[in-house]
$ cat query.cif   # mmCIF, C-alpha atoms and all ligand atoms
data_my_file
#
loop_
_atom_site.label_atom_id
_atom_site.label_comp_id
_atom_site.auth_asym_id
_atom_site.auth_seq_id
_atom_site.Cartn_x
_atom_site.Cartn_y
_atom_site.Cartn_z
CA MET A 1 -12.34 10.22 30.57
CA SER A 2 -13.65 8.82 27.30
CA GLU A 3 -11.12 7.99 24.63
CA ALA A 4 -11.21 10.07 21.44
CA PRO A 5 -12.28 7.95 18.45
CA ARG A 6 -9.38 6.54 16.52
CA ARG A 7 -8.75 7.78 13.07
CA PRO A 8 -6.65 5.45 10.94
CA ARG A 9 -3.95 6.65 8.63
CA ILE A 10 -4.89 5.45 5.15
CA LEU A 11 -1.97 4.60 2.87
CA ALA A 12 -2.78 3.91 -0.79
CA VAL A 13 -0.06 1.86 -2.49
CA THR A 14 -0.02 2.76 -6.15
CA SER A 15 2.05 2.90 -9.35
CA GLY A 16 1.84 4.18 -12.89
CA LYS A 17 3.25 1.08 -14.54
CA GLY A 18 2.05 -2.42 -13.60
CA GLY A 19 4.29 -4.95 -11.89
CA THR A 20 6.47 -2.53 -9.92
CA GLY A 21 5.81 -4.53 -6.72
CA LYS A 22 2.76 -2.86 -5.13
CA THR A 23 1.04 -6.00 -3.90
CA ASN A 24 4.22 -7.48 -2.42
CA LEU A 25 5.03 -4.18 -0.79
CA ALA A 26 1.50 -3.54 0.53
CA ALA A 27 1.23 -7.00 2.12
CA ASN A 28 4.70 -7.04 3.66
CA LEU A 29 4.55 -3.43 4.78
CA ALA A 30 1.23 -4.13 6.51
CA LEU A 31 2.85 -7.10 8.29
CA CYS A 32 5.86 -5.00 9.32
CA LEU A 33 3.56 -2.30 10.71
CA ARG A 34 2.06 -5.00 12.96
CA MET A 35 5.46 -5.35 14.63
CA PHE A 36 4.79 -1.97 16.22
CA LYS A 37 1.66 -3.34 17.89
CA VAL A 38 -0.66 -1.19 15.86
CA GLU A 39 -3.94 -2.33 14.35
CA VAL A 40 -3.57 -2.73 10.60
CA LEU A 41 -6.04 -3.54 7.85
CA LEU A 42 -4.80 -4.52 4.40
CA VAL A 43 -7.36 -3.80 1.68
CA ASP A 44 -7.07 -5.48 -1.71
CA ALA A 45 -8.46 -2.68 -3.86
CA ASP A 46 -7.08 -3.97 -7.14
CA LEU A 47 -10.77 -4.31 -7.78
CA GLY A 48 -10.74 -6.43 -10.93
CA LEU A 49 -7.58 -8.48 -10.39
CA GLY A 50 -7.12 -8.75 -6.65
CA ASN A 51 -4.43 -11.22 -5.61
CA VAL A 52 -3.37 -10.45 -2.05
CA ASP A 53 -5.07 -13.68 -0.89
CA VAL A 54 -3.09 -15.77 -3.38
CA LEU A 55 0.17 -14.06 -2.47
CA LEU A 56 -0.35 -14.81 1.22
CA GLY A 57 -1.88 -18.28 0.69
CA LEU A 58 -5.15 -17.37 2.39
CA ASP A 59 -8.33 -19.38 2.26
CA VAL A 60 -10.92 -16.82 1.26
CA ARG A 61 -14.66 -17.43 0.86
CA HIS A 62 -16.03 -13.93 0.40
CA ASN A 63 -14.60 -10.76 -1.01
CA LEU A 64 -15.37 -7.13 -1.77
CA ARG A 65 -17.77 -8.08 -4.52
CA ASP A 66 -20.10 -9.50 -1.87
CA VAL A 67 -19.92 -6.19 -0.05
CA VAL A 68 -20.67 -4.19 -3.21
CA ARG A 69 -23.68 -6.45 -3.82
CA ASP A 70 -24.83 -5.98 -0.21
CA GLU A 71 -24.59 -9.72 0.34
CA CYS A 72 -22.05 -9.39 3.17
CA GLY A 73 -20.94 -6.71 5.57
CA VAL A 74 -17.29 -5.70 5.61
CA GLU A 75 -16.73 -7.48 8.94
CA GLN A 76 -17.97 -10.76 7.42
CA ILE A 77 -15.37 -10.83 4.68
CA VAL A 78 -12.36 -9.82 6.78
CA VAL A 79 -9.85 -12.64 7.18
CA GLU A 80 -7.03 -12.85 9.64
CA GLY A 81 -3.58 -13.19 8.15
CA PRO A 82 -0.17 -13.75 9.72
CA ARG A 83 0.66 -11.72 12.86
CA GLY A 84 -3.01 -10.86 13.37
CA LEU A 85 -3.07 -8.67 10.30
CA ARG A 86 -6.61 -8.11 9.11
CA ILE A 87 -7.25 -8.41 5.39
CA LEU A 88 -10.13 -7.37 3.16
CA PRO A 89 -9.86 -9.67 0.13
CA GLY A 90 -10.52 -8.34 -3.35
CA ALA A 91 -12.33 -9.99 -6.22
CA SER A 92 -10.45 -11.45 -9.16
CA GLY A 93 -11.73 -11.66 -12.71
CA VAL A 94 -14.92 -9.79 -11.89
CA GLU A 95 -15.52 -7.16 -14.52
CA GLU A 96 -18.28 -5.33 -12.65
CA MET A 97 -15.71 -4.37 -9.98
CA VAL A 98 -13.64 -2.45 -12.50
CA ARG A 99 -16.68 -0.60 -13.74
CA LEU A 100 -18.02 0.64 -10.41
CA SER A 101 -19.61 4.05 -10.74
CA ASP A 102 -18.32 6.92 -8.61
CA GLN A 103 -21.35 6.45 -6.34
CA GLU A 104 -20.79 2.70 -5.95
CA LEU A 105 -17.13 3.27 -5.18
CA ALA A 106 -17.97 5.99 -2.69
CA ARG A 107 -20.46 3.66 -0.95
CA LEU A 108 -17.86 0.91 -0.78
CA LEU A 109 -15.25 3.27 0.67
CA GLU A 110 -17.78 4.51 3.21
CA LYS A 111 -18.52 0.96 4.38
CA ILE A 112 -14.81 0.20 4.67
CA ASP A 113 -14.30 3.50 6.46
CA ARG A 114 -16.88 2.59 9.10
CA TYR A 115 -15.08 -0.68 9.78
CA CYS A 116 -11.76 1.15 10.07
CA SER A 117 -12.52 3.07 13.22
CA GLN A 118 -10.56 0.50 15.24
CA MET A 119 -7.50 0.64 12.98
CA ASP A 120 -4.31 2.66 13.21
CA PHE A 121 -3.22 2.05 9.62
CA VAL A 122 -5.13 0.97 6.54
CA VAL A 123 -2.87 -0.16 3.70
CA VAL A 124 -4.70 -0.16 0.37
CA ASP A 125 -3.25 -2.10 -2.58
CA THR A 126 -4.52 -0.54 -5.80
CA ALA A 127 -4.53 -1.51 -9.46
CA PRO A 128 -1.80 0.11 -11.56
CA GLY A 129 -2.45 3.08 -13.78
CA ILE A 130 -4.64 6.10 -14.05
CA SER A 131 -8.19 4.70 -14.05
CA PRO A 132 -10.75 6.93 -12.26
CA GLY A 133 -11.23 4.31 -9.51
CA VAL A 134 -7.53 4.34 -8.65
CA ILE A 135 -7.35 8.14 -8.63
CA SER A 136 -10.42 8.25 -6.35
CA CYS A 137 -8.69 5.83 -3.95
CA LEU A 138 -5.62 8.09 -3.89
CA LEU A 139 -7.75 11.14 -3.20
CA ALA A 140 -9.55 9.32 -0.37
CA ALA A 141 -6.25 8.26 1.25
CA ASP A 142 -4.15 10.33 3.65
CA GLN A 143 -0.98 9.47 1.82
CA ALA A 144 -0.09 7.81 -1.48
CA LEU A 145 2.84 5.41 -1.54
CA LEU A 146 4.02 5.50 -5.13
CA VAL A 147 6.00 2.37 -5.99
CA VAL A 148 8.51 2.98 -8.75
CA SER A 149 11.08 0.58 -10.16
CA PRO A 150 14.23 2.04 -11.67
CA GLU A 151 13.34 1.29 -15.32
CA PRO A 152 12.73 4.47 -17.33
CA THR A 153 9.18 3.40 -18.24
CA ALA A 154 8.23 2.98 -14.58
CA VAL A 155 9.51 6.48 -13.85
CA THR A 156 7.67 8.08 -16.79
CA ASP A 157 4.47 6.21 -15.90
CA ALA A 158 4.77 7.42 -12.30
CA TYR A 159 4.99 10.95 -13.68
CA ALA A 160 1.87 10.32 -15.82
CA LEU A 161 -0.06 9.15 -12.75
CA LEU A 162 0.98 12.25 -10.78
CA LYS A 163 -0.04 14.43 -13.69
CA VAL A 164 -3.56 12.98 -13.64
CA LEU A 165 -3.69 13.26 -9.84
CA SER A 166 -2.52 16.89 -9.90
CA ARG A 167 -5.46 17.85 -12.11
CA ARG A 168 -8.09 16.60 -9.69
CA PRO A 169 -9.30 18.89 -6.91
CA GLY A 170 -7.03 18.37 -3.91
CA GLY A 171 -4.69 16.17 -5.94
CA ARG A 172 -1.74 18.53 -5.95
CA ASP A 173 -1.74 18.70 -2.15
CA LYS A 174 -1.95 14.96 -1.61
CA PRO A 175 1.13 13.78 0.29
CA VAL A 176 2.98 11.41 -2.03
CA SER A 177 5.85 9.27 -0.75
CA VAL A 178 7.91 7.35 -3.26
CA VAL A 179 9.25 3.85 -2.67
CA MET A 180 11.90 2.81 -5.16
CA ASN A 181 11.54 -0.97 -5.53
CA GLN A 182 13.68 -3.68 -7.12
CA ILE A 183 16.71 -1.46 -6.93
CA GLY A 184 20.28 -2.43 -7.70
CA SER A 185 21.91 0.31 -5.65
CA ARG A 186 20.84 3.14 -3.34
CA GLU A 187 22.60 5.66 -5.59
CA GLU A 188 20.66 4.52 -8.65
CA ALA A 189 17.40 4.71 -6.67
CA LEU A 190 18.12 8.20 -5.41
CA ARG A 191 19.10 9.37 -8.88
CA SER A 192 15.85 8.06 -10.40
CA PHE A 193 13.83 9.59 -7.58
CA ASP A 194 15.56 12.92 -7.88
CA ARG A 195 14.88 13.10 -11.60
CA LEU A 196 11.20 12.38 -10.96
CA ARG A 197 11.03 14.89 -8.08
CA ARG A 198 12.51 17.69 -10.14
CA THR A 199 10.25 17.05 -13.14
CA VAL A 200 7.17 16.87 -10.94
CA ALA A 201 8.09 20.09 -9.12
CA ARG A 202 8.76 21.92 -12.36
CA PHE A 203 5.85 20.82 -14.50
CA LEU A 204 3.16 19.88 -11.98
CA GLN A 205 4.09 22.17 -9.08
CA MET A 206 3.87 19.18 -6.73
CA ASP A 207 6.23 18.14 -3.95
CA ILE A 208 6.91 14.47 -3.53
CA GLU A 209 9.06 12.88 -0.83
CA TYR A 210 11.35 9.87 -0.68
CA LEU A 211 10.20 7.21 1.75
CA GLY A 212 12.94 4.71 0.95
CA ALA A 213 13.98 1.83 -1.25
CA VAL A 214 13.66 -1.95 -1.41
CA ALA A 215 16.43 -4.03 -2.93
CA TRP A 216 15.89 -6.39 -5.82
CA ASP A 217 15.87 -9.68 -3.95
CA GLU A 218 15.25 -13.22 -5.20
CA THR A 219 13.59 -13.87 -1.82
CA VAL A 220 10.53 -11.93 -2.99
CA VAL A 221 10.06 -14.38 -5.86
CA GLN A 222 10.74 -17.43 -3.65
CA ALA A 223 8.26 -16.30 -1.00
CA ALA A 224 5.58 -15.65 -3.65
CA LYS A 225 6.08 -19.18 -5.03
CA ARG A 226 5.57 -20.63 -1.54
CA GLN A 227 2.61 -18.27 -0.98
CA VAL A 228 4.14 -16.89 2.20
CA ALA A 229 5.11 -13.37 3.17
CA PHE A 230 8.82 -12.64 2.93
CA ALA A 231 8.63 -10.30 5.93
CA THR A 232 7.59 -13.15 8.22
CA HIS A 233 9.26 -16.19 6.63
CA TYR A 234 12.53 -14.58 5.57
CA ALA A 235 12.85 -11.84 8.16
CA GLY A 236 16.62 -11.54 7.74
CA ALA A 237 16.55 -11.08 3.95
CA PRO A 238 17.49 -7.67 2.48
CA CYS A 239 13.93 -7.08 1.18
CA SER A 240 12.49 -7.68 4.67
CA ARG A 241 14.99 -5.35 6.34
CA ASP A 242 14.19 -2.65 3.79
CA VAL A 243 10.42 -2.96 4.26
CA ARG A 244 10.81 -2.87 8.06
CA LYS A 245 12.63 0.43 7.69
CA LEU A 246 9.77 1.84 5.60
CA ALA A 247 7.29 0.72 8.28
CA ALA A 248 9.39 2.32 11.01
CA ARG A 249 9.45 5.60 9.12
CA LEU A 250 5.69 5.55 8.64
CA VAL A 251 5.12 4.78 12.32
CA SER A 252 7.53 7.54 13.39
CA SER A 253 5.83 10.14 11.23
CA ALA A 254 2.34 9.05 12.34
CA ARG A 255 3.49 9.16 15.96
CA GLY A 256 4.66 12.73 15.43
CA GLY A 257 1.31 13.72 14.02
CA SER A 258 -1.20 11.95 16.22
CA ALA A 259 -1.84 12.08 19.94
CA ASP A 260 -2.97 8.49 20.46
CA MET A 261 0.12 6.99 18.84
CA GLY A 262 1.61 6.95 22.36
CA ARG A 263 0.11 3.46 22.65
CA PHE A 264 3.07 2.00 20.79
CA PHE A 265 5.21 0.34 23.36
CA ARG A 266 8.01 -0.98 21.24
CA SER A 267 10.55 1.49 20.06
CA VAL A 268 11.33 1.81 16.41
CA SER A 269 14.97 0.91 16.92
CA GLU A 270 14.01 -2.26 18.82
CA VAL A 271 12.07 -3.56 15.84
CA LEU A 272 14.73 -2.57 13.33
CA ASN A 273 17.39 -4.44 15.27
CA GLU A 274 15.46 -7.73 15.32
N1 LIG A 301 12.03 -6.23 -4.44
C1 LIG A 301 11.79 -7.18 -5.36
N2 LIG A 301 12.78 -8.02 -5.77
C2 LIG A 301 12.54 -8.98 -6.70
N3 LIG A 301 11.36 -9.17 -7.29
C3 LIG A 301 10.33 -8.38 -6.94
C4 LIG A 301 10.48 -7.35 -5.95
N4 LIG A 301 9.29 -6.72 -5.81
C5 LIG A 301 8.43 -7.33 -6.64
N5 LIG A 301 9.05 -8.33 -7.33
C6 LIG A 301 8.45 -9.22 -8.34
O1 LIG A 301 7.80 -8.40 -9.30
C7 LIG A 301 6.60 -9.01 -9.75
C8 LIG A 301 5.44 -8.05 -9.56
O2 LIG A 301 5.19 -7.89 -8.17
P1 LIG A 301 3.74 -7.45 -7.64
O3 LIG A 301 2.71 -8.41 -8.08
O4 LIG A 301 3.87 -7.18 -6.20
O5 LIG A 301 3.59 -6.10 -8.47
P2 LIG A 301 2.29 -5.21 -8.65
O6 LIG A 301 2.78 -3.83 -8.80
O7 LIG A 301 1.32 -5.47 -7.56
O8 LIG A 301 1.71 -5.77 -10.02
P3 LIG A 301 0.29 -5.32 -10.68
O9 LIG A 301 0.52 -3.96 -11.23
O10 LIG A 301 0.08 -6.36 -11.73
O11 LIG A 301 -0.73 -5.35 -9.59
C9 LIG A 301 6.46 -10.30 -8.97
O12 LIG A 301 6.92 -11.36 -9.77
C10 LIG A 301 7.35 -10.12 -7.77
O13 LIG A 301 7.87 -11.34 -7.30
MG MG A 302 -0.73 -5.96 -7.65
#

$ encode --input "query.cif" --output "structure tokens" --more "lines below"
Ligand SMILES: Nc1ncnc2c1ncn2[C@@H]1O[C@H](COP(=O)(O)OP(=O)(O)OP(=O)(O)O)[C@@H](O)[C@H]1O
Ligand SMILES: [Mg+2]
Amino acid sequence: MSEAPRRPRILAVTSGKGGTGKTNLAANLALCLRMFKVEVLLVDADLGLGNVDVLLGLDVRHNLRDVVRDECGVEQIVVEGPRGLRILPGASGVEEMVRLSDQELARLLEKIDRYCSQMDFVVVDTAPGISPGVISCLLAADQALLVVSPEPTAVTDAYALLKVLSRRPGGRDKPVSVVMNQIGSREEALRSFDRLRRTVARFLQMDIEYLGAVAWDETVVQAAKRQVAFATHYAGAPCSRDVRKLAARLVSSARGGSADMGRFFRSVSEVLNE
């Protein structure tokens, strides 16, 4: 019997305000997903200021700009990161990437999409804010992971992003899962999330869900300085445990929704107890 073609679950990691921790979360979440023996591609779609490669200390020769210019195919620019994670590096300081037309962006997404047929998850790190390119990425994804830090401005900017998303066709129905990052306490995180959820339900008629929270942890800063991933180099740190839990939840919900997820042979609890 021939196997049905795989269809990856595309997760777009996004935020209203800059600096909430998207890139750190996207990279480490992608690495934690690999613990479940799934195929994962991390895409650096912060098109003008990509920095996944720097964060993970990768030696990168080509990037998405070469794909946009038709100088390389997607498979030629993919680099292998820790744990066999595949990474599509973004361009940094390249203005043309920020100004891609809708057609150029659609062509790029199509090329990436073709490469993704062998993946189970595609984790897309986006630029912050409400630029049309970011909103298009969210609309193209199966699920948006909205990273919010507890500061009031991060919460109001998250609301602003959802407002823009809700006005685009299909935007209101996009599954949005919130990750509260850099939190001091679970209670504070839940309170901030609940305020956002109620406002969004009332004024935008959108439902958002809580995926979980990641503690404020000095380890994140230390790992970034060493250009290593905290999830692999500091696996016992609170931030790593929290991100593993997020990955486990995403795997569990994907497993519920997709027939071929039966390929996972390690149980969620096994990974969480490591
Ligand atoms: N859980 C955390 N604990 C402590 N520091 C954190 C945590 N998450 C992120 N940071 C710090 O916050 C800063 C921003 O992180 P990061 O670059 O991942 O954010 P970003 O949302 O991708 O930023 P941008 O919007 O500029 O792309 C970094 O200095 C990082 O070390
Ligand atoms: Mg970033």

$ closest_atom_pairs --input "query.cif" --of "chain A" --to "ligand LIG 301 (chain A)" --cutoff "9 Å" --atoms "only C-alpha atoms and all ligand atoms" --output "tab-separated table"
residue	atom	partner	partner_atom	distance
A:Val13	CA	A:LIG301	O6	9.0
A:Thr14	CA	A:LIG301	O6	7.6
A:Ser15	CA	A:LIG301	O6	6.8
A:Gly16	CA	A:LIG301	O9	8.4
A:Lys17	CA	A:LIG301	O9	6.6
A:Gly18	CA	A:LIG301	O9	3.2
A:Gly19	CA	A:LIG301	O8	3.3
A:Thr20	CA	A:LIG301	O6	4.1
A:Gly21	CA	A:LIG301	O5	3.2
A:Lys22	CA	A:LIG301	O6	3.8
A:Thr23	CA	A:LIG301	O7	3.7
A:Asn24	CA	A:LIG301	O4	3.8
A:Leu25	CA	A:LIG301	O4	6.3
A:Ala26	CA	A:LIG301	O4	8.0
A:Ala27	CA	A:LIG301	O4	8.7
A:Asp46	CA	A:LIG301	O11	6.9
A:Leu49	CA	A:LIG301	O11	7.6
A:Gly50	CA	A:LIG301	O11	7.8
A:Asn51	CA	A:LIG301	O11	8.0
A:Val52	CA	A:LIG301	O7	8.8
A:Leu55	CA	A:LIG301	O3	8.4
A:Asp125	CA	A:LIG301	O7	7.6
A:Thr126	CA	A:LIG301	O11	7.2
A:Ala127	CA	A:LIG301	O11	5.4
A:Pro128	CA	A:LIG301	O9	4.7
A:Gly129	CA	A:LIG301	O9	8.1
A:Val147	CA	A:LIG301	O6	7.5
A:Val148	CA	A:LIG301	O6	8.9
A:Ser149	CA	A:LIG301	N4	8.7
A:Asn181	CA	A:LIG301	N1	5.4
A:Gln182	CA	A:LIG301	N1	4.1
A:Ile183	CA	A:LIG301	N1	7.1
A:Ala213	CA	A:LIG301	N1	8.9
A:Val214	CA	A:LIG301	N1	5.5
A:Ala215	CA	A:LIG301	N1	5.1
A:Trp216	CA	A:LIG301	N2	3.5
A:Asp217	CA	A:LIG301	N2	4.0
A:Glu218	CA	A:LIG301	C2	5.3
A:Thr219	CA	A:LIG301	C2	7.0
A:Val220	CA	A:LIG301	O13	5.1
A:Val221	CA	A:LIG301	O13	4.0
A:Gln222	CA	A:LIG301	O13	7.7
A:Ala223	CA	A:LIG301	O13	8.0
A:Ala224	CA	A:LIG301	O13	6.1
A:Lys225	CA	A:LIG301	O13	8.4
A:Pro238	CA	A:LIG301	N1	8.9
A:Cys239	CA	A:LIG301	N1	6.0

$ atom_distance --input "query.cif" --atom1 "atom CA of Val243 of chain A" --atom2 "atom CA of Arg198 of chain A"
25.3 Å

$ atom_distance --input "query.cif" --atom1 "atom CA of Met97 of chain A" --atom2 "atom CA of Leu47 of chain A"
5.4 Å

$ atom_distance --input "query.cif" --atom1 "atom CA of Ala154 of chain A" --atom2 "atom CA of Met180 of chain A"
10.1 Å

$ residues_around --input "query.cif" --residues "Val68 of chain A" --least-positions-apart "5" --cutoff "12 Å" --atoms "all atoms listed in the file" --output "list in words"
Leu47, His62, Asn63, Gly73, Val74, Ile77, Gly90, Ala91, Val94, Glu96, Met97, Val98, Arg99, Leu100, Ser101, Gln103, Glu104, Leu105, Ala106, Arg107, Leu108, Leu109, Glu110, Lys111 and Ile112 of chain A

$ closest_residue --input "query.cif" --among "A:Arg34, A:Val43, A:Arg202, A:Glu95" --to "ligand MG 302 (chain A)" --atoms "all atoms listed in the file"
A:Val43

$ closest_residue --input "query.cif" --among "A:Arg167, A:Val78, A:Leu161, A:Leu41" --to "Met119 of chain A" --atoms "only C-alpha atoms"
A:Leu41

$ decode --input "query.cif" --residues "segment 95-177 of chain A" --atoms "C-alpha atoms" --output "short mmCIF file (atom, residue, chain, number, x, y, z; two decimals), in the first residue's frame"
data_model
loop_
_atom_site.label_atom_id
_atom_site.label_comp_id
_atom_site.auth_asym_id
_atom_site.auth_seq_id
_atom_site.Cartn_x
_atom_site.Cartn_y
_atom_site.Cartn_z
CA GLU A 95 16.25 45.56 2.43
CA GLU A 96 14.78 43.89 -0.65
CA MET A 97 13.64 41.00 1.57
CA VAL A 98 11.43 43.29 3.62
CA ARG A 99 9.87 44.75 0.51
CA LEU A 100 8.89 41.51 -1.22
CA SER A 101 5.66 41.90 -3.14
CA ASP A 102 2.73 39.61 -2.35
CA GLN A 103 3.59 37.61 -5.49
CA GLU A 104 7.27 37.26 -4.56
CA LEU A 105 6.34 36.17 -1.06
CA ALA A 106 3.79 33.70 -2.39
CA ARG A 107 6.43 32.24 -4.75
CA LEU A 108 8.90 31.90 -1.89
CA LEU A 109 6.32 30.19 0.33
CA GLU A 110 5.43 27.84 -2.52
CA LYS A 111 9.07 26.82 -2.97
CA ILE A 112 9.44 26.23 0.76
CA ASP A 113 6.16 24.33 0.77
CA ARG A 114 7.41 21.94 -1.90
CA TYR A 115 10.50 21.18 0.17
CA CYS A 116 8.33 20.57 3.24
CA SER A 117 6.60 17.46 2.02
CA GLN A 118 9.01 15.33 4.08
CA MET A 119 8.48 17.32 7.28
CA ASP A 120 6.14 16.77 10.20
CA PHE A 121 6.53 20.27 11.64
CA VAL A 122 7.70 23.53 10.12
CA VAL A 123 8.51 26.19 12.71
CA VAL A 124 8.60 29.66 11.18
CA ASP A 125 10.28 32.51 13.06
CA THR A 126 8.77 35.80 11.90
CA ALA A 127 9.62 39.47 12.30
CA PRO A 128 7.66 41.29 15.00
CA GLY A 129 4.72 43.49 14.21
CA ILE A 130 1.94 43.89 11.74
CA SER A 131 3.70 44.21 8.37
CA PRO A 132 1.81 42.60 5.45
CA GLY A 133 4.54 39.96 5.04
CA VAL A 134 4.15 38.79 8.62
CA ILE A 135 0.35 38.67 8.40
CA SER A 136 0.64 36.66 5.15
CA CYS A 137 2.94 34.18 6.93
CA LEU A 138 0.37 33.81 9.72
CA LEU A 139 -2.41 33.23 7.22
CA ALA A 140 -0.34 30.61 5.41
CA ALA A 141 0.42 28.74 8.65
CA ASP A 142 -1.79 26.12 10.31
CA GLN A 143 -1.32 27.70 13.70
CA ALA A 144 0.13 30.94 15.03
CA LEU A 145 2.21 30.80 18.20
CA LEU A 146 1.89 34.27 19.65
CA VAL A 147 4.76 35.04 22.02
CA VAL A 148 3.81 37.56 24.67
CA SER A 149 5.88 38.80 27.59
CA PRO A 150 4.04 40.00 30.68
CA GLU A 151 4.78 43.73 30.18
CA PRO A 152 1.61 45.71 29.39
CA THR A 153 3.02 46.95 26.07
CA ALA A 154 3.66 43.39 24.87
CA VAL A 155 0.07 42.48 25.70
CA THR A 156 -1.42 45.53 23.94
CA ASP A 157 0.81 44.95 20.90
CA ALA A 158 -0.32 41.32 20.78
CA TYR A 159 -3.89 42.60 20.73
CA ALA A 160 -3.01 45.00 17.88
CA LEU A 161 -1.55 42.14 15.84
CA LEU A 162 -4.67 40.02 16.38
CA LYS A 163 -6.83 42.96 15.36
CA VAL A 164 -5.01 43.24 12.03
CA LEU A 165 -5.15 39.46 11.56
CA SER A 166 -8.89 39.34 12.33
CA ARG A 167 -9.60 41.78 9.51
CA ARG A 168 -8.00 39.61 6.83
CA PRO A 169 -10.07 36.89 5.15
CA GLY A 170 -9.70 33.73 7.21
CA GLY A 171 -7.82 35.59 9.94
CA ARG A 172 -10.48 35.31 12.60
CA ASP A 173 -10.54 31.51 12.27
CA LYS A 174 -6.78 31.07 12.43
CA PRO A 175 -5.87 28.94 15.45
CA VAL A 176 -3.79 31.15 17.73
CA SER A 177 -1.93 29.68 20.70
#
